[in-house]
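Student: Okay, here's the structure, questions in a sec.
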Amino acid sequence: MKLTAKSIIRRYSCTRSRKDSPGSFYSWAETQVMMQYNQLARFVEINNSSFLNYPYQLIDNPADLETALEPFIAAKIIGIDCETSEGIDPYQAKIRLVQLAIPHHPVIIIDLAAIDSSDLSPLRQLLKGNALKVGHNLKFEWMMLAQAGLKPSRPFFDTYLAYRVLTAGLKCSLSLEAAAAQLLNVKLDKKLQTSDWSGELTTAQLQYAAIDAAIVLPLRTNLKRQLKKALLWSTALLEFACLPAVAQMELNGMWLDKQQWQLLKEQLEAQQKALERELSSLQIPSPNKQICLLPEFTNSINLRSPKQVLAALQAQGIPVSSTNTQALIPLVNEYPIIQALLDYRSLSTRISTFAEGLVQHVHPVTERIHPNWFQIGAKSGRFSCREPNLQNVPRNPATRQCFKPASGHVLLKADYSQIELRIMAKVSGDMRMIAAYSKGEDLHKLTASLVLGKSLSEINSSERQLGKIINFGLIYGMGAKKFKNMAQAEHGRVLSLEEASQFRKRFFESYAGIAEFHKHIRRSWLQGIRESRTLGGRRRLWSKDSQPLLNEMLNNPIQGLSADITKLALAKLFAPLNRTGARLICVIHDEILLECPIAEVEPVKALLKCSMVEAGDKFLTPIPCEVEIQMIESWGG
DNA sequence: ACCTAAAGCGCC
DNA sequence: AAACGGCGCTTCAGGT
């Protein structure tokens, strides 16, 4: 197959997945769901009330359970919801109710407080079955059910993820309430969601519980139609396939050596104290400061306050108009105090956010850290992670060495090598990049040689570093000025603005495919197009009240496809990984971290590599996909 | 006393 | 004015 920049761009711009083809028909079951929805909608209209009546059957004994679930055994699609008591932490909360919905049937509400877990096997079998489980934010249900010994099996349809796939980039509420209102014109009353589900339940509570399970069925029908119409069906399927891996990862958590962490904290605090002394000359500029008799109370400034720091620096005659790092870096050599200030601020973050902050999230029950993972947390489709964010733990070894596997285990750390650069090579079809990757050449070295006008063998490690900055900056539209600053800040190489813009020019001359790719995106940006797609079909929208930035549109296809690839790897990994003793514990965009029993290292390594490479190959061919796997005793190596 | 925006810094 | 992109957390500063 002949690859040219134009042909790839053309293909890129009209990428269609077969599975996304519109005009699909609906099954009988789906038609029934729509009829049910129509009845529901009519009811709302007539009553003009936020409270909906919906038939349900409360099951509070083992004998009724088996009978009640009979109609569900043959069902292909089941709406699922849970209500919990004692909070929403899967390690502390308890499931009170499991609600199950199928079309034209009362919702079955199972009271787990009234049924012994040994009598739940009909429910367990049902959840293990092949029916499509539909719910809103199923990660929560999955974790709760898994903790109750009722782990549900694929396939899943998560209306929350589906709604996010459909609206990625837009600011809108993704709650079930908002989705039902927006897509079905049904008003749900969520006031009871946080009510007490531990004691005697009221009719209103049961009614609320029933509606939540029932509503996801028409919601799914609506979302499926819209996803197919928007050519987002394969993206949604990818998210659904990835969901159980994410839920399991959140349950697994990550172990932190608290004692070692405490030692680290003390070291950082000592370093900070030393810097504070070094920075004591930074004082409040005051015209009458000589009247202050107790300078330690009056003249010292708050080093975390940009406003006070700016005034103090200016008082020392240092020519600054801003205290941000970019502005201060060029002054580091001339004024030693600047470096101390930068170090101080860095230490402040490492102490408050990490040394003090992270340890507060060690779970009292598991003694591990279980962050909230959001599999579509970013507009590009990337994951985000909160409370705490494990995706921005400082890289320095002393910090990461505190993250360790359980005893008898090691960590397996797998990284995609230069994934975004490879994606750029793929989507732009740049001939030089394709040739370099197929020969196994080092792209950073290549860029340095092209821009500096030297042969590959002449490039030293410092020049390669410059090539790296050029590669990662310029492919996303960095301007000459920012590039100049970055070359100095991260590489220590002082460039004039002319040199910087000369390098930039040579970069795009050397990689004509990238230049062409940028032109193509710029054209659609100029036309006022408000969406961006990845090669996998994932879409990001811009709302009408926010003008898309060109650089956002340049970046999205790259960053978004990287997310697609990682998610596909996780989806492939999930089932086979569960047949081993290894556990997924962390995902940092292009890095996957497993905790693996020592005895199983070799097979798990092979499985991990295979899943990731297969996922990469699906989108990157003919660009080779490289995955590096390390077996380590701690995250720090 | 509490809320919000911005600055700053950590990561990919 | 469009000028690397994507996040989350803590602190400060100014407001109600």
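Here, A, B, ... name the chains of the structure tokens in the order displayed, residue numbers run from 1 inside each chain, and ligands are numbered from 1 in the same displayed order.
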For A:Leu550, please output as a compact mmCIF listing (two decimals) with N, CA and C atoms (P, O5', C5', C4', C3', O3' and C1' of nucleotides), in the first residue's frame all residues within 12 Å (counting only C-alpha atoms (C1' of nucleotides); exclusion window: fewer than 6 positions along the same chain).
Tutor:
```
# COMPACT_ATOMS: atom_id res chain seq x y z
N TYR A 476 2.55 20.19 18.43
CA TYR A 476 1.27 20.73 18.89
C TYR A 476 1.17 22.23 18.69
N GLY A 477 2.02 22.79 17.81
CA GLY A 477 1.84 24.17 17.40
C GLY A 477 2.53 25.19 18.27
N MET A 478 3.56 24.80 19.00
CA MET A 478 4.26 25.76 19.86
C MET A 478 4.88 26.88 19.01
N HIS A 518 -0.83 19.81 9.84
CA HIS A 518 -1.19 21.07 10.51
C HIS A 518 -2.03 21.96 9.59
N LYS A 519 -1.62 22.02 8.33
CA LYS A 519 -2.39 22.85 7.38
C LYS A 519 -3.82 22.35 7.27
N HIS A 520 -3.94 21.04 7.21
CA HIS A 520 -5.27 20.44 7.09
C HIS A 520 -6.15 20.80 8.28
N ILE A 521 -5.58 20.71 9.48
CA ILE A 521 -6.37 21.03 10.67
C ILE A 521 -6.65 22.53 10.71
N ARG A 522 -5.67 23.33 10.33
CA ARG A 522 -5.87 24.77 10.33
C ARG A 522 -7.02 25.16 9.39
N ARG A 523 -7.08 24.48 8.25
CA ARG A 523 -8.18 24.79 7.32
C ARG A 523 -9.54 24.54 7.96
N SER A 524 -9.67 23.38 8.63
CA SER A 524 -10.97 23.11 9.24
C SER A 524 -11.22 24.06 10.41
N TRP A 525 -10.15 24.46 11.07
CA TRP A 525 -10.30 25.43 12.16
C TRP A 525 -10.79 26.77 11.61
N LEU A 526 -10.20 27.19 10.46
CA LEU A 526 -10.61 28.45 9.85
C LEU A 526 -12.05 28.40 9.35
N GLN A 527 -12.47 27.20 8.96
CA GLN A 527 -13.85 27.05 8.49
C GLN A 527 -14.85 27.08 9.63
N GLY A 528 -14.34 27.13 10.85
CA GLY A 528 -15.24 27.21 12.00
C GLY A 528 -15.77 25.87 12.45
N ILE A 529 -15.09 24.78 12.04
CA ILE A 529 -15.51 23.46 12.47
C ILE A 529 -15.28 23.32 13.97
N ARG A 530 -16.28 22.78 14.65
CA ARG A 530 -16.24 22.75 16.11
C ARG A 530 -16.12 21.34 16.66
N GLU A 531 -15.51 20.45 15.90
CA GLU A 531 -15.28 19.12 16.44
C GLU A 531 -13.96 18.56 15.95
N SER A 532 -13.45 17.60 16.70
CA SER A 532 -12.20 16.93 16.35
C SER A 532 -12.37 15.43 16.61
N TRP A 542 -16.72 21.45 20.71
CA TRP A 542 -16.56 22.75 21.37
C TRP A 542 -17.93 23.43 21.40
N ASN A 556 -5.69 17.29 19.89
CA ASN A 556 -6.72 16.29 20.22
C ASN A 556 -6.61 14.95 19.49
P DA C 1 -8.30 40.78 19.55
O5' DA C 1 -7.53 39.47 19.17
C5' DA C 1 -7.70 38.92 17.87
C4' DA C 1 -6.82 37.68 17.76
C3' DA C 1 -6.88 36.75 18.97
O3' DA C 1 -6.72 35.41 18.53
C1' DA C 1 -4.69 37.41 18.64
P DA C 2 -7.95 34.56 18.27
O5' DA C 2 -7.32 33.11 18.02
C5' DA C 2 -7.57 32.08 18.94
C4' DA C 2 -6.30 31.29 19.18
C3' DA C 2 -5.31 32.00 20.10
O3' DA C 2 -4.68 31.04 20.91
C1' DA C 2 -4.30 31.61 18.00
P DA C 3 -3.74 31.39 22.17
O5' DA C 3 -2.28 31.01 21.63
C5' DA C 3 -1.97 29.64 21.38
C4' DA C 3 -0.65 29.54 20.68
C3' DA C 3 0.53 30.10 21.49
O3' DA C 3 1.61 29.19 21.34
C1' DA C 3 0.50 31.06 19.35
P DC C 4 2.66 28.96 22.44
O5' DC C 4 2.70 27.38 22.42
C5' DC C 4 1.99 26.63 23.34
C4' DC C 4 1.58 25.35 22.67
C3' DC C 4 0.58 24.58 23.51
O3' DC C 4 -0.72 25.03 23.18
C1' DC C 4 2.31 23.13 22.76
P DG C 5 -1.82 25.17 24.30
O5' DG C 5 -2.36 23.67 24.41
C5' DG C 5 -3.09 23.10 23.33
C4' DG C 5 -3.32 21.64 23.62
C3' DG C 5 -4.05 21.36 24.94
O3' DG C 5 -5.45 21.34 24.71
C1' DG C 5 -2.13 19.96 24.74
```
Student: Could the residues of stretch 393-506 of chain A that have an atom at most 12 Å from stretch 7-10 of chain B be listed as CSV, each with its closest atom pair and the distance in Å to one decimal, counting only C-alpha atoms (C1' of nucleotides) and ordered by chain and ascending residue number?
Tutor:
```
residue,atom,partner,partner_atom,distance
A:Val393,CA,B:DG10,C1',6.5
A:Pro394,CA,B:DG10,C1',6.1
A:Arg395,CA,B:DG10,C1',9.0
A:Asn396,CA,B:DG10,C1',11.1
```
Student: Filtering to all heavy atoms, could you give me those residues as a CSV table (one decimal), in the first residue's frame?
Tutor:
```csv
chain,number,residue,atom,x,y,z
A,393,VAL,N,2.3,11.9,40.6
A,393,VAL,CA,3.2,11.7,41.7
A,393,VAL,C,4.6,12.1,41.2
A,393,VAL,O,5.0,11.6,40.1
A,393,VAL,CB,3.2,10.2,42.2
A,393,VAL,CG1,4.2,10.0,43.2
A,393,VAL,CG2,1.8,9.9,42.7
A,394,PRO,N,5.4,12.9,41.9
A,394,PRO,CA,6.7,13.3,41.5
A,394,PRO,C,7.6,12.1,41.0
A,394,PRO,O,7.5,11.0,41.7
A,394,PRO,CB,7.3,13.9,42.7
A,394,PRO,CG,6.1,14.5,43.4
A,394,PRO,CD,5.0,13.5,43.2
A,395,ARG,N,8.3,12.3,40.0
A,395,ARG,CA,9.1,11.2,39.4
A,395,ARG,C,10.4,10.8,40.2
A,395,ARG,O,11.0,9.8,39.9
A,395,ARG,CB,9.5,11.6,38.0
A,395,ARG,CG,8.5,11.5,37.0
A,395,ARG,CD,9.1,11.9,35.6
A,395,ARG,NE,10.1,10.9,35.2
A,395,ARG,CZ,9.8,9.9,34.5
A,395,ARG,NH1,8.6,9.6,34.1
A,395,ARG,NH2,10.8,9.0,34.2
A,396,ASN,N,10.8,11.7,41.1
A,396,ASN,CA,12.1,11.5,41.7
A,396,ASN,C,12.0,10.1,42.5
A,396,ASN,O,11.1,9.8,43.2
A,396,ASN,CB,12.6,12.6,42.5
A,396,ASN,CG,11.7,12.8,43.8
A,396,ASN,OD1,11.8,12.0,44.7
A,396,ASN,ND2,11.0,13.8,43.9
```
Student: Atom CA of A:Ala68 and atom CA of A:Ile108 are how many Å apart?
Tutor: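 Computing the Euclidean distance for atom CA of A:Ala68 and atom CA of A:Ile108 yields 7.2 Å.
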Student: So how far away is atom CA of A:Tyr511 from atom CA of A:Cys625, in Å?
Tutor: 20.1 Å
Student: So how far away is atom CA of A:Ala148 from atom CA of A:Arg164, in Å?
Tutor: 28.1 Å
Student: Quick one: everything within 9 Å of A:His444, counting only C-alpha atoms (C1' of nucleotides), minus sequence neighbours fewer than 4 positions away in the same chain. Send it as a compact mmCIF listing (two decimals) with N, CA and C atoms, in the first residue's frame.
Tutor:
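File part.txt, as written:
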```
# COMPACT_ATOMS: atom_id res chain seq x y z
N ALA A 448 17.01 16.27 15.94
CA ALA A 448 18.18 17.10 16.26
C ALA A 448 19.11 17.21 15.05
N SER A 449 19.34 16.08 14.38
CA SER A 449 20.25 16.12 13.24
C SER A 449 19.68 16.96 12.09
N GLU A 463 22.23 17.21 22.59
CA GLU A 463 21.50 17.62 21.37
C GLU A 463 20.25 16.78 21.17
N ARG A 464 20.33 15.52 21.58
CA ARG A 464 19.14 14.66 21.49
C ARG A 464 18.03 15.22 22.40
N GLN A 465 18.42 15.69 23.57
CA GLN A 465 17.46 16.29 24.50
C GLN A 465 16.75 17.48 23.86
N LEU A 466 17.53 18.27 23.13
CA LEU A 466 16.94 19.41 22.41
C LEU A 466 15.94 18.90 21.36
N GLY A 467 16.33 17.83 20.67
CA GLY A 467 15.44 17.23 19.68
C GLY A 467 14.12 16.80 20.30
N LYS A 468 14.19 16.31 21.52
CA LYS A 468 12.98 15.86 22.22
C LYS A 468 12.05 17.03 22.49
N ILE A 469 12.65 18.14 22.96
CA ILE A 469 11.84 19.33 23.23
C ILE A 469 11.18 19.81 21.93
N ILE A 470 11.98 19.81 20.86
CA ILE A 470 11.45 20.24 19.57
C ILE A 470 10.28 19.35 19.16
N ASN A 471 10.48 18.04 19.25
CA ASN A 471 9.43 17.11 18.83
C ASN A 471 8.14 17.33 19.60
```
Student: Select from stretch 420-455 of chain A everything DSSP, run on the backbone, classes as alpha helix (DSSP H), then give the selection as a list in words.
Tutor: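 Selection result, alpha helix (DSSP H) within stretch 420-455 of chain A: Glu420, Leu421, Arg422, Ile423, Met424, Ala425, Lys426, Val427, Ser428, Met431, Arg432, Met433, Ile434, Ala435, Ala436, Tyr437, Ser438, Leu443, His444, Lys445, Leu446, Thr447, Ala448, Ser449, Leu450, Val451 and Leu452 of chain A.
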Student: Compute the set of chain A residues within 8 Å of chain C, using only C-alpha atoms (C1' of nucleotides), and express it as a list in words.
Tutor: Arg304, Ser305, Thr349, Ser352, Thr353, Ala378, Lys379, Ser380, Arg382, Ser384, Cys385, Arg386, Asn389, Phe472, Gly473, Leu474, Ile475, Tyr476, Gly477, Met478, Gly479, Leu549, Leu550, Asn551, Glu552, Asn555, Asn556 and Gln559 of chain A
Student: Please identify which residues in stretch 146-339 of chain A DSSP calls strand (DSSP E or B) from the backbone, and express them as a PyMOL selection string.
Tutor: chain A and resi 156-158+254-256+283+300
Student: Tell me which of A:Arg345, A:Lys484, A:Lys618, A:Lys505 sits closest to chain B, counting only C-alpha atoms (C1' of nucleotides).
Tutor: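 Of the candidates, the smallest distance to chain B is held by A:Arg345.
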